[in-house]
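Presented below is the structure to which this report refers.
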Amino acid sequence: IKSLTKINPTQFTVKLFKRNVKFIRQLSYPEFGILHKLDYEKAAGELEFKITSGPYSIKEFSKKKFELIKNNYYTFFEKTAPKRVRFQWTDIENKLHGLKTGKTQFIIPFSGFTQKHSQDFSNNKDIKSFIPHIGYSFWFSFNSKSKKVSDQKVRNWIQSQLYSKNLNFKETGPAWSPAKQLYLPDGLGRPSEKEIDQIWGEINKTSAPENIPKELSLLGDINFPFNNQIETIFKKLGIKINCHYVSSSEEYFKILKIKKFDIILARNDFSSVDLHENLQTTFHPNHPLVYTSQSDDQYQAKLKNALVMEEESARHKEYSLIAKDILKKGYIIPIAYNRVLFMFEKNIDISAWSTLFPEVSLWKLKIK
């Protein structure tokens, strides 16, 4: 915002530094409050968030826990919503123990929640669970600048062999599910299931090319639960796969600066209602998560064009075309979606939360 000018007690004029067709909608996001000037002028790490236009302000904050208190001036606060909320970071076993014993009322098991854990809670009538539209897409990106996978037919054939339907998801827990496209499939800007199935129908017809590489290098995540299955599939294909596994995003980007790989495991949050920022990250020129050939480096231009389109439906159409195009051309192999899991006491009602975009709005909770 460049400036605000008051017209009368109920109207004002907003001037922006540059065109932003999403500005009005961004102002309406209920999860985010306006940062007060007293906080805005403080240095990084010194923010207190004592004054806010949002539903809560921070009372106490540390590395492992923080506490929120209700903003009494917030108009839309649900009557039964908690006036005080304590967050605590801990491992999966402590989270589940706290929920079982009543010490914790709501948990989000981001990782480590297995099928065995799910079975242990399946008969517990005091606990409810819900998988919202929040989570990450995981996919393999072909480095199309590598001679071994520069041929689209080679990429399409490997796609058909690593198609997510060929993977076993039984032991990974309910938060993991097979992926068939780049985005989490529900919401605006996503190709329809019918469109994606048609593309996979063509990909799966790809016959084995004569120039199948005998050896490929792969950069992956040591904690990705499908590593062994994927290595087994490559072995059956007669392709020697040299895997380098990392344990953090810092290590991931560091190794990419000094070493080239033929296939890279990538991930990004594609659960947002608007995909533009996620796509900008994915096609970032300095550290892309999808590697296109130099002759087909069109996606940055598509994103710039989408940003100035006034019709929202036109932007969504452009995002859908991008997802379909990179799948057809074999730039990616969608592998899995890892969604967030909510587990909470049965007296908590989260039905007011959206099911089509990421939302954790504690001020909307209804407690019976």
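Following the order of the structure tokens, first chain is A, next is B, and so on, with residues numbered from 1 inside each chain and ligands from 1 in the order they appear.
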
Quiz item: Tyr74 in chain A: which residues within 9 Å, counting only C-alpha atoms, same-chain residues fewer than 4 positions away excluded, as a list of chain:residue names?
Solution: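 Listed by chain and then number, they are A:Ser53, A:Gly54, A:Pro55, A:Tyr56, A:Lys70.
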
Take the residues just selected and output them with N, CA and C atoms as a PDB file, in the first residue's frame.
```
ATOM      1  N   SER A  53      -5.446  -6.519  14.526  1.00  0.00           N
ATOM      2  CA  SER A  53      -6.831  -6.468  14.068  1.00  0.00           C
ATOM      3  C   SER A  53      -7.392  -7.868  13.924  1.00  0.00           C
ATOM      4  N   GLY A  54      -6.572  -8.875  14.206  1.00  0.00           N
ATOM      5  CA  GLY A  54      -7.002 -10.266  14.094  1.00  0.00           C
ATOM      6  C   GLY A  54      -7.705 -10.746  15.357  1.00  0.00           C
ATOM      7  N   PRO A  55      -8.128 -12.013  15.396  1.00  0.00           N
ATOM      8  CA  PRO A  55      -8.907 -12.530  16.517  1.00  0.00           C
ATOM      9  C   PRO A  55      -8.116 -12.732  17.805  1.00  0.00           C
ATOM     10  N   TYR A  56      -6.792 -12.946  17.689  1.00  0.00           N
ATOM     11  CA  TYR A  56      -5.960 -13.187  18.870  1.00  0.00           C
ATOM     12  C   TYR A  56      -4.728 -12.298  18.832  1.00  0.00           C
ATOM     13  N   LYS A  70      -7.596 -13.827  23.450  1.00  0.00           N
ATOM     14  CA  LYS A  70      -8.628 -13.247  22.597  1.00  0.00           C
ATOM     15  C   LYS A  70      -8.480 -11.732  22.481  1.00  0.00           C
TER      16      LYS A  70
END
```

Quiz prompt | Residues of range 247-300 of chain A in strand (DSSP E or B), written as a ChimeraX atom specification | solution = /A:263-269

Using N, CA, C and O atoms, can you export the residues from the last selection as a PDB file, in the first residue's frame?
```pdb
ATOM      1  N   ILE A 263      17.221 -36.823 -11.789  1.00  0.00           N
ATOM      2  CA  ILE A 263      15.870 -36.778 -11.230  1.00  0.00           C
ATOM      3  C   ILE A 263      15.954 -36.184  -9.830  1.00  0.00           C
ATOM      4  O   ILE A 263      16.838 -36.542  -9.047  1.00  0.00           O
ATOM      5  N   ILE A 264      15.027 -35.273  -9.519  1.00  0.00           N
ATOM      6  CA  ILE A 264      15.041 -34.595  -8.221  1.00  0.00           C
ATOM      7  C   ILE A 264      13.666 -34.725  -7.579  1.00  0.00           C
ATOM      8  O   ILE A 264      12.653 -34.423  -8.215  1.00  0.00           O
ATOM      9  N   LEU A 265      13.628 -35.181  -6.327  1.00  0.00           N
ATOM     10  CA  LEU A 265      12.371 -35.185  -5.579  1.00  0.00           C
ATOM     11  C   LEU A 265      12.082 -33.765  -5.111  1.00  0.00           C
ATOM     12  O   LEU A 265      12.915 -33.133  -4.476  1.00  0.00           O
ATOM     13  N   ALA A 266      10.909 -33.258  -5.458  1.00  0.00           N
ATOM     14  CA  ALA A 266      10.526 -31.894  -5.079  1.00  0.00           C
ATOM     15  C   ALA A 266       9.204 -31.921  -4.328  1.00  0.00           C
ATOM     16  O   ALA A 266       8.439 -32.884  -4.422  1.00  0.00           O
ATOM     17  N   ARG A 267       8.937 -30.850  -3.608  1.00  0.00           N
ATOM     18  CA  ARG A 267       7.656 -30.734  -2.914  1.00  0.00           C
ATOM     19  C   ARG A 267       7.285 -29.257  -2.789  1.00  0.00           C
ATOM     20  O   ARG A 267       8.150 -28.375  -2.786  1.00  0.00           O
ATOM     21  N   ASN A 268       5.998 -28.999  -2.722  1.00  0.00           N
ATOM     22  CA  ASN A 268       5.518 -27.638  -2.505  1.00  0.00           C
ATOM     23  C   ASN A 268       4.083 -27.712  -2.009  1.00  0.00           C
ATOM     24  O   ASN A 268       3.394 -28.715  -2.200  1.00  0.00           O
ATOM     25  N   ASP A 269       3.662 -26.643  -1.361  1.00  0.00           N
ATOM     26  CA  ASP A 269       2.288 -26.539  -0.866  1.00  0.00           C
ATOM     27  C   ASP A 269       1.398 -26.058  -2.002  1.00  0.00           C
ATOM     28  O   ASP A 269       1.471 -24.899  -2.398  1.00  0.00           O
TER      29      ASP A 269
END
```

Quiz prompt | Picked from range 34-135 of chain A by DSSP as alpha helix (DSSP H), as a PyMOL selection string | solution = chain A and resi 37-40+92-101+115-121

Quiz prompt | Nearest to Glu171 in chain A, chosen from A:Trp200, A:Phe261, A:Phe226, A:Tyr183, with only C-alpha atoms counted in the distances | solution =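 When distances to Glu171 in chain A are compared using only C-alpha atoms, the smallest one comes from A:Phe226.
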
Self-check item: Proximity to Lys259 in chain A - best of A:Phe138, A:Ser217, A:Asp120, A:Leu289, only C-alpha atoms
Solution: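 Of A:Phe138, A:Ser217, A:Asp120, A:Leu289, the one nearest Lys259 in chain A is A:Ser217, counting only C-alpha atoms.
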
Quiz item: Looking at A:Ile335, A:Ile233, A:Ser354, A:Pro109, which one is nearest to Ser129 in chain A, with distances taken over only C-alpha atoms?
Solution: A:Pro109

Quiz item: Hey, what's within 10 Å of Asp197 in chain A if we count only C-alpha atoms and toss same-chain stuff fewer than 5 positions away? As a PyMOL selection string, please?
Solution: chain A and resi 180-181+191-192+202-203

Could you save the residues just selected, with all heavy atoms, as an mmCIF file, in the first residue's frame?
```cif
data_model
loop_
_atom_site.group_PDB
_atom_site.id
_atom_site.type_symbol
_atom_site.label_atom_id
_atom_site.label_comp_id
_atom_site.auth_asym_id
_atom_site.auth_seq_id
_atom_site.Cartn_x
_atom_site.Cartn_y
_atom_site.Cartn_z
ATOM 1 N N LYS A 180 -1.812 -37.660 -8.799
ATOM 2 C CA LYS A 180 -1.861 -37.810 -10.256
ATOM 3 C C LYS A 180 -1.558 -36.499 -10.972
ATOM 4 O O LYS A 180 -1.422 -36.482 -12.184
ATOM 5 C CB LYS A 180 -3.236 -38.327 -10.690
ATOM 6 C CG LYS A 180 -3.541 -39.747 -10.212
ATOM 7 C CD LYS A 180 -4.737 -40.347 -10.928
ATOM 8 C CE LYS A 180 -6.025 -39.695 -10.516
ATOM 9 N NZ LYS A 180 -7.212 -40.359 -11.122
ATOM 10 N N GLN A 181 -1.473 -35.389 -10.227
ATOM 11 C CA GLN A 181 -1.139 -34.096 -10.817
ATOM 12 C C GLN A 181 -0.329 -33.284 -9.821
ATOM 13 O O GLN A 181 -0.133 -33.689 -8.669
ATOM 14 C CB GLN A 181 -2.409 -33.347 -11.215
ATOM 15 C CG GLN A 181 -3.337 -33.018 -10.054
ATOM 16 C CD GLN A 181 -4.384 -31.987 -10.420
ATOM 17 O OE1 GLN A 181 -4.048 -30.863 -10.791
ATOM 18 N NE2 GLN A 181 -5.662 -32.369 -10.330
ATOM 19 N N PRO A 191 -6.813 -28.887 -12.884
ATOM 20 C CA PRO A 191 -7.425 -29.698 -13.937
ATOM 21 C C PRO A 191 -8.415 -30.684 -13.313
ATOM 22 O O PRO A 191 -8.222 -31.135 -12.181
ATOM 23 C CB PRO A 191 -6.234 -30.443 -14.556
ATOM 24 C CG PRO A 191 -5.028 -29.675 -14.149
ATOM 25 C CD PRO A 191 -5.356 -29.070 -12.826
ATOM 26 N N SER A 192 -9.465 -31.016 -14.046
ATOM 27 C CA SER A 192 -10.440 -31.977 -13.530
ATOM 28 C C SER A 192 -9.842 -33.378 -13.520
ATOM 29 O O SER A 192 -8.859 -33.668 -14.203
ATOM 30 C CB SER A 192 -11.700 -31.965 -14.394
ATOM 31 O OG SER A 192 -11.410 -32.491 -15.692
ATOM 32 N N GLU A 202 -2.789 -41.449 -22.055
ATOM 33 C CA GLU A 202 -1.827 -41.324 -23.160
ATOM 34 C C GLU A 202 -0.407 -41.673 -22.696
ATOM 35 O O GLU A 202 0.342 -42.355 -23.398
ATOM 36 C CB GLU A 202 -1.862 -39.905 -23.724
ATOM 37 C CG GLU A 202 -3.164 -39.555 -24.446
ATOM 38 C CD GLU A 202 -3.429 -40.495 -25.610
ATOM 39 O OE1 GLU A 202 -2.500 -40.739 -26.415
ATOM 40 O OE2 GLU A 202 -4.579 -40.989 -25.716
ATOM 41 N N ILE A 203 -0.039 -41.197 -21.507
ATOM 42 C CA ILE A 203 1.308 -41.487 -20.986
ATOM 43 C C ILE A 203 1.516 -42.991 -20.829
ATOM 44 O O ILE A 203 2.573 -43.538 -21.194
ATOM 45 C CB ILE A 203 1.526 -40.777 -19.631
ATOM 46 C CG1 ILE A 203 1.594 -39.269 -19.827
ATOM 47 C CG2 ILE A 203 2.792 -41.287 -18.934
ATOM 48 C CD1 ILE A 203 1.598 -38.461 -18.535
#
```

Self-check item: Pick from A:His287, A:Lys147, A:Lys153, A:Lys170, whichever lies nearest to Glu215 in chain A using only C-alpha atoms
Solution: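 Among the listed residues, A:Lys147 lies closest to Glu215 in chain A.
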
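Among the candidates A:Arg155, A:Lys302, A:His97, A:Arg190, the one nearest to Ser320 in chain A when counting only C-alpha atoms is A:Arg190.
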
Quiz item: Smallest atom-to-atom distance to Asn338 in chain A: which of A:Thr104, A:Thr172, A:Ser144, A:Ser62, using only C-alpha atoms?
Solution: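 Distance minimum relative to Asn338 in chain A lands on A:Thr172.
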
Excluding range 355-366 of chain A and residues on its chain fewer than 5 positions from it, collect all residues at most 7 Å away from it, counting only C-alpha atoms, and give them as a tab-separated table (two decimals) with N, CA, C and O atoms, in the first residue's frame.
```
chain	number	residue	atom	x	y	z
A	31	GLU	N	-7.87	-14.75	8.41
A	31	GLU	CA	-6.84	-15.31	9.28
A	31	GLU	C	-5.74	-14.30	9.63
A	31	GLU	O	-4.96	-14.50	10.55
A	55	PRO	N	-8.13	-12.01	15.40
A	55	PRO	CA	-8.91	-12.53	16.52
A	55	PRO	C	-8.12	-12.73	17.81
A	55	PRO	O	-8.68	-12.72	18.89
A	77	PHE	N	-15.84	-13.14	16.51
A	77	PHE	CA	-15.43	-14.23	17.39
A	77	PHE	C	-16.63	-15.11	17.77
A	77	PHE	O	-17.65	-14.61	18.25
A	78	GLU	N	-16.54	-16.42	17.53
A	78	GLU	CA	-17.60	-17.35	17.91
A	78	GLU	C	-17.73	-17.38	19.44
A	78	GLU	O	-16.73	-17.40	20.17
A	80	THR	N	-18.52	-19.61	21.63
A	80	THR	CA	-17.97	-20.74	22.38
A	80	THR	C	-16.49	-21.00	22.07
A	80	THR	O	-15.90	-21.94	22.59
A	81	ALA	N	-15.89	-20.18	21.20
A	81	ALA	CA	-14.48	-20.40	20.84
A	81	ALA	C	-13.57	-20.11	22.04
A	81	ALA	O	-13.92	-19.31	22.92
A	132	PRO	N	-8.09	-32.03	6.23
A	132	PRO	CA	-8.50	-30.81	5.53
A	132	PRO	C	-7.75	-30.64	4.21
A	132	PRO	O	-6.87	-31.45	3.86
A	133	HIS	N	-8.05	-29.57	3.51
A	133	HIS	CA	-7.36	-29.28	2.25
A	133	HIS	C	-6.08	-28.49	2.55
A	133	HIS	O	-5.90	-27.35	2.13
A	134	ILE	N	-5.20	-29.11	3.32
A	134	ILE	CA	-3.91	-28.53	3.68
A	134	ILE	C	-2.86	-29.62	3.49
A	134	ILE	O	-3.03	-30.73	4.00
A	186	ASP	N	-8.52	-30.61	-5.30
A	186	ASP	CA	-9.78	-29.89	-5.08
A	186	ASP	C	-9.55	-28.39	-5.09
A	186	ASP	O	-8.58	-27.90	-4.54
A	187	GLY	N	-10.45	-27.66	-5.72
A	187	GLY	CA	-10.35	-26.21	-5.71
A	187	GLY	C	-10.23	-25.62	-7.10
A	187	GLY	O	-10.17	-26.33	-8.11
A	271	SER	N	-2.04	-26.36	-1.86
A	271	SER	CA	-3.39	-26.47	-1.30
A	271	SER	C	-4.09	-25.11	-1.24
A	271	SER	O	-5.27	-25.04	-0.91
A	272	SER	N	-3.38	-24.02	-1.57
A	272	SER	CA	-3.95	-22.69	-1.45
A	272	SER	C	-5.10	-22.47	-2.42
A	272	SER	O	-5.15	-23.09	-3.49
A	273	VAL	N	-5.98	-21.55	-2.05
A	273	VAL	CA	-7.09	-21.22	-2.94
A	273	VAL	C	-6.58	-20.52	-4.19
A	273	VAL	O	-7.14	-20.66	-5.27
A	348	ILE	N	-15.59	-30.80	20.10
A	348	ILE	CA	-15.12	-29.67	19.29
A	348	ILE	C	-15.72	-29.78	17.90
A	348	ILE	O	-15.66	-30.81	17.24
A	349	ASP	N	-16.29	-28.69	17.41
A	349	ASP	CA	-16.93	-28.63	16.10
A	349	ASP	C	-16.14	-27.67	15.20
A	349	ASP	O	-16.03	-26.48	15.50
A	350	ILE	N	-15.58	-28.20	14.09
A	350	ILE	CA	-14.82	-27.35	13.17
A	350	ILE	C	-15.55	-27.20	11.83
A	350	ILE	O	-14.93	-26.88	10.81
```

Practice problem: Please measure the separation of CA of Asp151 in chain A and CA of Lys235 in chain A, giving the value in Å to one decimal. | Solution: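 Distance between the two atoms: 20.8 Å.
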
Self-check item: Contacts of Ile92 in chain A at 10 Å (only C-alpha atoms; same-chain gap of 6+ positions) as a list of chain:residue names
Solution: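 Answer for this query is A:Gly98, A:Ile107, A:Ile108, A:Pro109, A:Phe110, A:Ser111, A:Gly112, A:Phe113, A:Thr114, A:His117.
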
Quiz item: Rounded to one decimal in Å, what is the spacing between CA of Asn168 in chain A and CA of Asn278 in chain A?
Solution: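 CA of Asn278 in chain A lies at a distance of 27.9 Å from CA of Asn168 in chain A.
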